[in-house]
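final.cif follows; it contains mmCIF, C-alpha atoms.
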```cif
data_input
#
loop_
_atom_site.group_PDB
_atom_site.id
_atom_site.type_symbol
_atom_site.label_atom_id
_atom_site.label_comp_id
_atom_site.auth_asym_id
_atom_site.auth_seq_id
_atom_site.Cartn_x
_atom_site.Cartn_y
_atom_site.Cartn_z
ATOM 1 C CA MET A 1 -63.757 11.766 -89.062
ATOM 2 C CA LEU A 2 -66.930 9.873 -88.142
ATOM 3 C CA TYR A 3 -66.740 6.810 -85.906
ATOM 4 C CA PHE A 4 -69.370 4.297 -84.776
ATOM 5 C CA GLU A 5 -70.338 6.532 -81.855
ATOM 6 C CA ASP A 6 -71.325 9.343 -84.253
ATOM 7 C CA PHE A 7 -74.058 7.331 -85.973
ATOM 8 C CA THR A 8 -76.939 7.926 -83.595
ATOM 9 C CA PRO A 9 -80.472 6.921 -84.664
ATOM 10 C CA GLY A 10 -82.174 9.687 -86.610
ATOM 11 C CA ARG A 11 -78.967 11.347 -87.824
ATOM 12 C CA ARG A 12 -79.345 12.198 -91.482
ATOM 13 C CA PHE A 13 -76.778 12.740 -94.237
ATOM 14 C CA ASP A 14 -77.918 14.536 -97.396
ATOM 15 C CA TYR A 15 -76.469 13.665 -100.784
ATOM 16 C CA ARG A 16 -75.019 16.131 -103.240
ATOM 17 C CA PRO A 17 -77.030 16.207 -106.515
ATOM 18 C CA LEU A 18 -75.632 14.061 -109.329
ATOM 19 C CA LEU A 19 -76.597 14.232 -113.031
ATOM 20 C CA MET A 20 -77.270 10.883 -114.726
ATOM 21 C CA GLN A 21 -75.838 11.221 -118.231
ATOM 22 C CA ALA A 22 -76.847 8.974 -121.106
ATOM 23 C CA ALA A 23 -73.219 8.176 -121.982
ATOM 24 C CA ASP A 24 -72.431 6.988 -118.439
ATOM 25 C CA MET A 25 -75.622 4.919 -118.330
ATOM 26 C CA ILE A 26 -74.690 3.202 -121.601
ATOM 27 C CA THR A 27 -71.070 2.622 -120.498
ATOM 28 C CA PHE A 28 -72.195 0.959 -117.263
ATOM 29 C CA ALA A 29 -74.885 -1.114 -118.974
ATOM 30 C CA SER A 30 -72.525 -2.234 -121.740
ATOM 31 C CA GLU A 31 -70.249 -3.792 -119.147
ATOM 32 C CA PHE A 32 -72.703 -5.103 -116.558
ATOM 33 C CA ASP A 33 -76.309 -5.045 -117.746
ATOM 34 C CA PRO A 34 -76.526 -4.975 -121.555
ATOM 35 C CA GLN A 35 -80.309 -5.058 -121.886
ATOM 36 C CA PRO A 36 -81.796 -3.007 -124.760
ATOM 37 C CA MET A 37 -83.612 -0.472 -122.535
ATOM 38 C CA HIS A 38 -80.314 0.399 -120.826
ATOM 39 C CA LEU A 39 -78.365 0.782 -124.092
ATOM 40 C CA ASP A 40 -80.579 2.579 -126.581
ATOM 41 C CA GLU A 41 -83.128 5.409 -126.442
ATOM 42 C CA GLU A 42 -85.487 3.866 -129.002
ATOM 43 C CA ALA A 43 -85.431 0.456 -127.305
ATOM 44 C CA GLY A 44 -86.077 2.222 -124.006
ATOM 45 C CA LYS A 45 -89.116 3.998 -125.456
ATOM 46 C CA ARG A 46 -90.508 0.679 -126.649
ATOM 47 C CA SER A 47 -89.959 -0.893 -123.205
ATOM 48 C CA ILE A 48 -92.193 -0.538 -120.158
ATOM 49 C CA LEU A 49 -89.529 1.795 -118.686
ATOM 50 C CA GLY A 50 -90.415 4.552 -121.173
ATOM 51 C CA GLY A 51 -86.955 5.683 -122.292
ATOM 52 C CA LEU A 52 -83.226 5.074 -122.023
ATOM 53 C CA SER A 53 -83.020 4.098 -118.368
ATOM 54 C CA ALA A 54 -80.154 3.340 -116.012
ATOM 55 C CA SER A 55 -79.552 -0.219 -114.928
ATOM 56 C CA GLY A 56 -80.816 -0.550 -111.370
ATOM 57 C CA TRP A 57 -77.283 -1.628 -110.479
ATOM 58 C CA HIS A 58 -75.957 1.630 -111.905
ATOM 59 C CA THR A 59 -78.415 3.651 -109.822
ATOM 60 C CA SER A 60 -77.386 1.586 -106.792
ATOM 61 C CA ALA A 61 -73.670 2.142 -107.445
ATOM 62 C CA VAL A 62 -74.291 5.886 -107.871
ATOM 63 C CA GLY A 63 -76.160 5.781 -104.566
ATOM 64 C CA MET A 64 -73.073 4.227 -102.987
ATOM 65 C CA ARG A 65 -70.975 7.073 -104.398
ATOM 66 C CA MET A 66 -73.396 9.629 -102.976
ATOM 67 C CA MET A 67 -73.102 7.918 -99.558
ATOM 68 C CA ILE A 68 -69.293 8.060 -99.816
ATOM 69 C CA ASP A 69 -69.343 11.765 -100.653
ATOM 70 C CA ALA A 70 -71.948 12.576 -97.993
ATOM 71 C CA PHE A 71 -70.358 10.761 -95.027
ATOM 72 C CA LEU A 72 -68.836 7.307 -95.598
ATOM 73 C CA GLY A 73 -65.670 8.665 -97.199
ATOM 74 C CA ASN A 74 -64.890 10.559 -94.007
ATOM 75 C CA SER A 75 -65.614 7.696 -91.626
ATOM 76 C CA SER A 76 -64.122 4.564 -90.078
ATOM 77 C CA SER A 77 -66.237 2.355 -92.401
ATOM 78 C CA GLN A 78 -65.082 -1.251 -92.622
ATOM 79 C CA GLY A 79 -67.538 -2.254 -95.335
ATOM 80 C CA SER A 80 -70.974 -3.818 -95.361
ATOM 81 C CA PRO A 81 -72.277 -7.369 -94.956
ATOM 82 C CA GLY A 82 -75.018 -6.710 -97.500
ATOM 83 C CA ILE A 83 -78.262 -5.041 -98.438
ATOM 84 C CA ASP A 84 -81.506 -5.783 -96.599
ATOM 85 C CA PHE A 85 -83.514 -4.711 -99.649
ATOM 86 C CA MET A 86 -83.261 -2.417 -102.666
ATOM 87 C CA ASP A 87 -86.481 -1.203 -104.314
ATOM 88 C CA TRP A 88 -86.124 0.401 -107.733
ATOM 89 C CA LYS A 89 -89.304 2.471 -107.577
ATOM 90 C CA LYS A 90 -89.151 4.285 -110.914
ATOM 91 C CA PRO A 91 -86.890 4.151 -113.971
ATOM 92 C CA VAL A 92 -83.957 6.596 -113.790
ATOM 93 C CA LEU A 93 -83.884 8.322 -117.177
ATOM 94 C CA ALA A 94 -81.029 10.125 -118.938
ATOM 95 C CA GLY A 95 -80.872 13.712 -117.677
ATOM 96 C CA ASP A 96 -82.340 12.956 -114.265
ATOM 97 C CA VAL A 97 -80.565 14.660 -111.375
ATOM 98 C CA LEU A 98 -80.387 12.304 -108.431
ATOM 99 C CA GLY A 99 -80.178 13.318 -104.790
ATOM 100 C CA GLY A 100 -81.485 12.014 -101.503
ATOM 101 C CA PHE A 101 -80.197 11.042 -98.097
ATOM 102 C CA SER A 102 -79.199 8.287 -95.699
ATOM 103 C CA ILE A 103 -80.646 8.182 -92.203
ATOM 104 C CA VAL A 104 -79.490 6.087 -89.242
ATOM 105 C CA LEU A 105 -82.171 3.580 -88.182
ATOM 106 C CA ALA A 106 -80.238 1.706 -85.491
ATOM 107 C CA ALA A 107 -76.741 1.198 -84.114
ATOM 108 C CA ARG A 108 -75.264 -1.546 -81.930
ATOM 109 C CA GLN A 109 -71.855 -2.856 -80.943
ATOM 110 C CA SER A 110 -70.638 -6.093 -82.525
ATOM 111 C CA LYS A 111 -70.744 -9.026 -80.105
ATOM 112 C CA SER A 112 -67.776 -10.814 -81.675
ATOM 113 C CA LYS A 113 -65.615 -7.708 -82.353
ATOM 114 C CA PRO A 114 -65.842 -5.213 -79.493
ATOM 115 C CA ASP A 115 -64.039 -2.442 -81.426
ATOM 116 C CA ILE A 116 -66.622 -2.618 -84.250
ATOM 117 C CA GLY A 117 -70.155 -1.210 -84.348
ATOM 118 C CA ILE A 118 -72.934 -2.063 -86.801
ATOM 119 C CA VAL A 119 -75.088 0.771 -88.108
ATOM 120 C CA LYS A 120 -78.296 0.265 -90.056
ATOM 121 C CA PHE A 121 -79.205 2.939 -92.618
ATOM 122 C CA ARG A 122 -82.220 3.717 -94.738
ATOM 123 C CA ASN A 123 -81.148 5.256 -98.053
ATOM 124 C CA GLU A 124 -83.515 7.189 -100.285
ATOM 125 C CA ILE A 125 -82.524 8.260 -103.788
ATOM 126 C CA SER A 126 -84.879 10.775 -105.403
ATOM 127 C CA ASN A 127 -84.961 12.681 -108.675
ATOM 128 C CA GLN A 128 -85.098 16.415 -109.437
ATOM 129 C CA SER A 129 -88.876 16.410 -108.751
ATOM 130 C CA GLY A 130 -88.439 14.779 -105.352
ATOM 131 C CA GLU A 131 -89.932 11.512 -106.555
ATOM 132 C CA PRO A 132 -88.439 8.430 -104.834
ATOM 133 C CA MET A 133 -86.395 6.457 -107.374
ATOM 134 C CA ALA A 134 -84.626 3.879 -105.190
ATOM 135 C CA ILE A 135 -85.090 2.979 -101.535
ATOM 136 C CA SER A 136 -82.798 0.625 -99.669
ATOM 137 C CA GLU A 137 -81.709 -0.417 -96.203
ATOM 138 C CA CYS A 138 -78.268 -1.743 -95.387
ATOM 139 C CA SER A 139 -75.826 -2.184 -92.526
ATOM 140 C CA VAL A 140 -72.296 -0.780 -92.409
ATOM 141 C CA LEU A 141 -69.506 -1.715 -89.978
ATOM 142 C CA PHE A 142 -67.539 1.095 -88.320
ATOM 143 C CA ARG A 143 -64.580 1.139 -85.946
ATOM 144 C CA SER A 144 -65.231 2.682 -82.548
ATOM 145 C CA ARG A 145 -63.549 5.951 -81.653
ATOM 146 C CA GLN A 146 -62.429 4.669 -78.247
ATOM 147 C CA ASN A 147 -59.806 2.349 -79.721
ATOM 148 C CA GLU A 148 -58.264 4.935 -82.027
ATOM 149 C CA PRO A 149 -54.835 6.380 -81.250
ATOM 150 C CA GLN A 150 -55.110 9.834 -79.673
ATOM 151 C CA GLN A 151 -54.511 12.614 -82.167
ATOM 152 C CA MET B 152 -85.564 -16.952 -126.641
ATOM 153 C CA LEU B 153 -86.888 -17.470 -123.117
ATOM 154 C CA TYR B 154 -90.330 -16.139 -122.133
ATOM 155 C CA PHE B 155 -92.176 -16.044 -118.820
ATOM 156 C CA GLU B 156 -93.538 -19.532 -119.404
ATOM 157 C CA ASP B 157 -90.019 -20.965 -119.557
ATOM 158 C CA PHE B 158 -89.147 -19.955 -115.988
ATOM 159 C CA THR B 159 -90.579 -22.894 -114.091
ATOM 160 C CA PRO B 160 -89.708 -23.314 -110.391
ATOM 161 C CA GLY B 161 -86.492 -25.276 -109.930
ATOM 162 C CA ARG B 162 -85.049 -24.403 -113.345
ATOM 163 C CA ARG B 163 -81.397 -23.516 -112.914
ATOM 164 C CA PHE B 164 -79.046 -21.427 -115.023
ATOM 165 C CA ASP B 165 -75.300 -21.831 -114.452
ATOM 166 C CA TYR B 166 -72.927 -18.895 -114.852
ATOM 167 C CA ARG B 167 -69.791 -18.888 -116.950
ATOM 168 C CA PRO B 168 -66.665 -18.373 -114.774
ATOM 169 C CA LEU B 169 -65.382 -14.789 -114.623
ATOM 170 C CA LEU B 170 -61.956 -13.633 -113.361
ATOM 171 C CA MET B 171 -61.967 -10.665 -110.987
ATOM 172 C CA GLN B 172 -58.928 -8.592 -111.921
ATOM 173 C CA ALA B 173 -57.351 -6.038 -109.597
ATOM 174 C CA ALA B 174 -57.415 -3.319 -112.270
ATOM 175 C CA ASP B 175 -61.169 -3.719 -112.873
ATOM 176 C CA MET B 176 -61.867 -3.726 -109.137
ATOM 177 C CA ILE B 177 -59.914 -0.477 -108.711
ATOM 178 C CA THR B 178 -61.593 1.149 -111.738
ATOM 179 C CA PHE B 179 -65.075 0.342 -110.414
ATOM 180 C CA ALA B 180 -64.240 1.424 -106.868
ATOM 181 C CA SER B 181 -62.633 4.681 -108.026
ATOM 182 C CA GLU B 182 -65.917 5.690 -109.630
ATOM 183 C CA PHE B 183 -68.497 4.296 -107.226
ATOM 184 C CA ASP B 184 -66.997 3.096 -103.945
ATOM 185 C CA PRO B 185 -63.608 4.731 -103.282
ATOM 186 C CA GLN B 186 -62.901 3.162 -99.890
ATOM 187 C CA PRO B 187 -59.244 2.274 -99.167
ATOM 188 C CA MET B 188 -59.752 -1.520 -99.062
ATOM 189 C CA HIS B 189 -61.242 -1.422 -102.586
ATOM 190 C CA LEU B 190 -58.448 0.760 -104.021
ATOM 191 C CA ASP B 191 -55.171 -0.472 -102.594
ATOM 192 C CA GLU B 192 -53.653 -3.862 -101.720
ATOM 193 C CA GLU B 193 -51.861 -2.626 -98.597
ATOM 194 C CA ALA B 194 -54.966 -0.852 -97.289
ATOM 195 C CA GLY B 195 -56.926 -4.030 -97.985
ATOM 196 C CA LYS B 196 -54.459 -6.105 -95.968
ATOM 197 C CA ARG B 197 -54.793 -3.713 -93.048
ATOM 198 C CA SER B 198 -58.625 -3.904 -93.230
ATOM 199 C CA ILE B 199 -60.843 -6.662 -91.859
ATOM 200 C CA LEU B 200 -61.342 -7.824 -95.481
ATOM 201 C CA GLY B 201 -57.769 -9.128 -95.661
ATOM 202 C CA GLY B 202 -56.683 -7.814 -99.065
ATOM 203 C CA LEU B 203 -57.644 -5.714 -102.078
ATOM 204 C CA SER B 204 -61.327 -6.606 -102.287
ATOM 205 C CA ALA B 205 -64.095 -5.796 -104.750
ATOM 206 C CA SER B 206 -66.792 -3.358 -103.747
ATOM 207 C CA GLY B 207 -69.909 -5.374 -102.969
ATOM 208 C CA TRP B 208 -71.612 -3.322 -105.674
ATOM 209 C CA HIS B 209 -68.982 -4.448 -108.168
ATOM 210 C CA THR B 210 -69.542 -8.096 -107.236
ATOM 211 C CA SER B 211 -73.292 -7.492 -107.579
ATOM 212 C CA ALA B 212 -72.901 -5.847 -110.997
ATOM 213 C CA VAL B 213 -70.688 -8.726 -112.152
ATOM 214 C CA GLY B 214 -73.404 -11.091 -110.916
ATOM 215 C CA MET B 215 -75.887 -9.207 -113.099
ATOM 216 C CA ARG B 216 -73.569 -9.662 -116.070
ATOM 217 C CA MET B 217 -73.289 -13.391 -115.342
ATOM 218 C CA MET B 218 -77.116 -13.588 -115.260
ATOM 219 C CA ILE B 219 -77.284 -11.761 -118.615
ATOM 220 C CA ASP B 220 -74.803 -14.162 -120.197
ATOM 221 C CA ALA B 221 -76.423 -17.253 -118.665
ATOM 222 C CA PHE B 222 -80.060 -16.541 -119.596
ATOM 223 C CA LEU B 223 -81.381 -12.970 -119.243
ATOM 224 C CA GLY B 224 -79.709 -11.729 -122.427
ATOM 225 C CA ASN B 225 -81.696 -14.266 -124.420
ATOM 226 C CA SER B 226 -85.039 -13.586 -122.776
ATOM 227 C CA SER B 227 -88.051 -11.271 -122.827
ATOM 228 C CA SER B 228 -86.813 -9.531 -119.622
ATOM 229 C CA GLN B 229 -88.463 -6.193 -118.894
ATOM 230 C CA GLY B 230 -86.265 -5.349 -115.922
ATOM 231 C CA SER B 231 -86.604 -5.781 -112.195
ATOM 232 C CA PRO B 232 -88.480 -3.957 -109.440
ATOM 233 C CA GLY B 233 -85.621 -4.545 -107.001
ATOM 234 C CA ILE B 234 -83.617 -6.889 -104.829
ATOM 235 C CA ASP B 235 -85.190 -8.740 -101.910
ATOM 236 C CA PHE B 236 -81.779 -9.045 -100.244
ATOM 237 C CA MET B 237 -78.082 -9.227 -101.129
ATOM 238 C CA ASP B 238 -75.685 -10.879 -98.670
ATOM 239 C CA TRP B 239 -71.990 -10.303 -99.274
ATOM 240 C CA LYS B 240 -70.754 -13.437 -97.497
ATOM 241 C CA LYS B 241 -66.992 -13.145 -98.022
ATOM 242 C CA PRO B 242 -64.668 -10.541 -99.530
ATOM 243 C CA VAL B 243 -64.024 -11.061 -103.257
ATOM 244 C CA LEU B 244 -60.238 -10.723 -103.666
ATOM 245 C CA ALA B 245 -58.211 -9.905 -106.769
ATOM 246 C CA GLY B 246 -57.623 -13.095 -108.759
ATOM 247 C CA ASP B 247 -60.797 -14.816 -107.580
ATOM 248 C CA VAL B 248 -62.727 -16.604 -110.311
ATOM 249 C CA LEU B 249 -66.452 -16.139 -109.755
ATOM 250 C CA GLY B 250 -69.172 -18.493 -110.914
ATOM 251 C CA GLY B 251 -72.492 -19.695 -109.603
ATOM 252 C CA PHE B 252 -76.074 -19.951 -110.719
ATOM 253 C CA SER B 253 -79.591 -18.549 -110.626
ATOM 254 C CA ILE B 254 -82.518 -20.819 -109.790
ATOM 255 C CA VAL B 255 -86.229 -20.084 -110.216
ATOM 256 C CA LEU B 256 -88.019 -19.972 -106.850
ATOM 257 C CA ALA B 257 -91.487 -18.923 -108.022
ATOM 258 C CA ALA B 258 -93.332 -17.536 -111.029
ATOM 259 C CA ARG B 259 -96.720 -15.823 -111.332
ATOM 260 C CA GLN B 260 -98.609 -13.683 -113.820
ATOM 261 C CA SER B 261 -98.917 -9.955 -113.153
ATOM 262 C CA LYS B 262 -102.409 -8.960 -112.010
ATOM 263 C CA SER B 263 -102.233 -5.485 -113.551
ATOM 264 C CA LYS B 264 -100.425 -6.442 -116.799
ATOM 265 C CA PRO B 265 -101.702 -9.752 -118.160
ATOM 266 C CA ASP B 266 -98.925 -10.058 -120.769
ATOM 267 C CA ILE B 267 -96.227 -9.839 -118.054
ATOM 268 C CA GLY B 268 -95.067 -12.502 -115.613
ATOM 269 C CA ILE B 269 -92.990 -12.044 -112.455
ATOM 270 C CA VAL B 270 -90.257 -14.564 -111.728
ATOM 271 C CA LYS B 271 -88.408 -14.787 -108.434
ATOM 272 C CA PHE B 272 -84.813 -16.003 -108.545
ATOM 273 C CA ARG B 273 -82.226 -17.023 -105.985
ATOM 274 C CA ASN B 274 -78.732 -16.104 -107.194
ATOM 275 C CA GLU B 275 -75.591 -17.632 -105.734
ATOM 276 C CA ILE B 276 -72.142 -16.310 -106.634
ATOM 277 C CA SER B 277 -69.273 -18.548 -105.537
ATOM 278 C CA ASN B 278 -65.491 -18.468 -105.902
ATOM 279 C CA GLN B 279 -63.044 -20.971 -107.438
ATOM 280 C CA SER B 280 -63.192 -23.078 -104.238
ATOM 281 C CA GLY B 281 -66.985 -23.250 -104.314
ATOM 282 C CA GLU B 282 -67.320 -20.942 -101.308
ATOM 283 C CA PRO B 283 -70.442 -18.742 -101.408
ATOM 284 C CA MET B 284 -69.403 -15.112 -101.928
ATOM 285 C CA ALA B 285 -72.742 -13.377 -102.554
ATOM 286 C CA ILE B 286 -76.306 -14.647 -102.207
ATOM 287 C CA SER B 287 -79.326 -12.675 -103.374
ATOM 288 C CA GLU B 288 -82.966 -13.001 -104.289
ATOM 289 C CA CYS B 289 -84.722 -10.771 -106.789
ATOM 290 C CA SER B 290 -87.723 -10.643 -109.096
ATOM 291 C CA VAL B 291 -87.578 -10.065 -112.859
ATOM 292 C CA LEU B 292 -90.467 -9.184 -115.186
ATOM 293 C CA PHE B 293 -90.819 -11.133 -118.446
ATOM 294 C CA ARG B 294 -93.228 -10.870 -121.366
ATOM 295 C CA SER B 295 -95.371 -13.929 -121.973
ATOM 296 C CA ARG B 296 -94.818 -16.000 -125.086
ATOM 297 C CA GLN B 297 -98.535 -16.131 -125.934
ATOM 298 C CA ASN B 298 -98.651 -12.458 -126.920
ATOM 299 C CA GLU B 299 -95.612 -12.562 -129.171
ATOM 300 C CA PRO B 300 -96.039 -12.390 -132.962
ATOM 301 C CA GLN B 301 -95.730 -15.846 -134.523
ATOM 302 C CA GLN B 302 -92.261 -16.505 -135.972
#
```
Translate this structure into structure tokens?
Amino acid sequence: MLYFEDFTPGRRFDYRPLLMQAADMITFASEFDPQPMHLDEEAGKRSILGGLSASGWHTSAVGMRMMIDAFLGNSSSQGSPGIDFMDWKKPVLAGDVLGGFSIVLAARQSKSKPDIGIVKFRNEISNQSGEPMAISECSVLFRSRQNEPQQ
Amino acid sequence: MLYFEDFTPGRRFDYRPLLMQAADMITFASEFDPQPMHLDEEAGKRSILGGLSASGWHTSAVGMRMMIDAFLGNSSSQGSPGIDFMDWKKPVLAGDVLGGFSIVLAARQSKSKPDIGIVKFRNEISNQSGEPMAISECSVLFRSRQNEPQQ
């Protein structure tokens, strides 16, 4: 179990590879981002994205899932106040295999909540060729280990 | 149909209200953000969020859908290069009714693609009490009207 104290600057967490399937891309887009290039291969080819492409929000949500599986799911995470920025560098196309990593940029204790620490991460999602697809930075709140009951 | 030229600074697009249901929040979180406070009412109450709360990514995706329904779905949108920032101001709880608006901050023609314009929006998602829940700014690419075939 990872607590605030474990997130030291420079520590890196690698993601497990994840296949982006056309059906999942269309399901997500149908609910949240029904633009033609996210719903249909032919419309995608006619668009500047070059093919059926994932909604940027889908890629971002998949990135969240990769963070959960890589480290957040086994941590004292208390959620996030937001995203500093999210750059969608290239279109994620059906069949792409996403991977990448999160790296700790900074960590500090909360001033208002002494049992909480705030950790800033840089998150890089890349495709099977190592090309950067989405880059973001965000902060996550974690409980400190010192206040946990002894195991 | 809205083209680049229609997105003049100050123009505002109001969202239709949208109910955040516990079942949808749990479905989204199970796939993308399976943290206890997004999956279970009791775990939510024990967390600093105060109840079963939507993943910030779910709130963001719902915000995208509200933008689609308010104006993007009837536009020449070509997608977005990313999000300048996304602040999750307060936890979105089951039963909240989200609304809000997008407002045009700036608009300029692309230097590299003369038939494309870049529009910067501020997006505010609020709850049924008018409290701000999520604030973001992002850019969206639109085709210009002048290059469209005459109707």
Tell me, counting only C-alpha atoms, for each residue of chain A within 6 Å of chain B, which pair of atoms is nearest and how far apart they are in Å to one decimal, in rows ordered by chain and increasing number, as a tab-separated table.
```
residue	atom	partner	partner_atom	distance
A:Phe32	CA	B:Arg216	CA	4.7
A:Asp33	CA	B:Arg216	CA	5.6
A:Ala61	CA	B:Phe183	CA	5.6
A:Arg65	CA	B:Phe183	CA	4.7
A:Pro81	CA	B:Trp239	CA	5.2
A:Gly82	CA	B:Asp238	CA	4.4
A:Ile83	CA	B:Met237	CA	5.0
A:Asp84	CA	B:Phe236	CA	4.9
A:Phe85	CA	B:Phe236	CA	4.7
A:Met86	CA	B:Ile234	CA	5.0
A:Asp87	CA	B:Gly233	CA	4.4
A:Trp88	CA	B:Gly233	CA	5.0
```
For the atom pair atom CA of A:Lys113 and atom CA of A:Phe71, what is the interatomic distance in Å to one decimal place?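 Interatomic distance here is 22.9 Å.
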Given the choices A:Ser144, A:Thr27, A:Ser126, A:Gln21, which gets closest to A:Gly100 if the distance is worked out from all atoms listed in the file?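 For A:Gly100, the nearest of the candidates is A:Ser126.
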Atom CA of A:Thr8 to atom CA of A:Pro114: how many Å, to one decimal?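 For atom CA of A:Thr8 relative to atom CA of A:Pro114, the distance reads 17.7 Å.
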Could you work out how far atom CA of A:Phe4 lies from atom CA of A:Arg16, giving the answer in Å with one decimal?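 Calculated distance between atom CA of A:Arg16 and atom CA of A:Phe4 is 22.6 Å.
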The residue from A:Leu39, A:Arg12, A:Leu18, A:Ile103 with the smallest atom-to-atom distance to A:Asn123, counting all atoms listed in the file, is A:Ile103
With distances taken over only C-alpha atoms, which residue among A:Gln109, A:Ser53, A:Thr59, A:Ser139 lies nearest A:Ala22?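 That would be A:Ser53, the residue with the smallest distance to A:Ala22.
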I'd like the residues picked by the PyMOL selection byres ((chain B and resi 279) around 9) written out as JSON, numbers by chain, using the chain letters and numbers from the file. {"B": [168, 247, 248, 249, 250, 277, 278, 280, 281, 282]}
Spatial neighbours of A:Ser102, 7 Å, all atoms listed in the file, chain gap at least 5 places, as a list in words: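 Close residues of A:Ser102: Arg12, Phe13, Asp14, Phe121, Arg122, Asn123 and Glu124 of chain A.
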My list of candidates is B:Ala257, B:Ile276, B:Gly246, B:Met171. Which is closest to B:Val291 when distances are computed with only C-alpha atoms?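 The closest residue to B:Val291 is B:Ala257.
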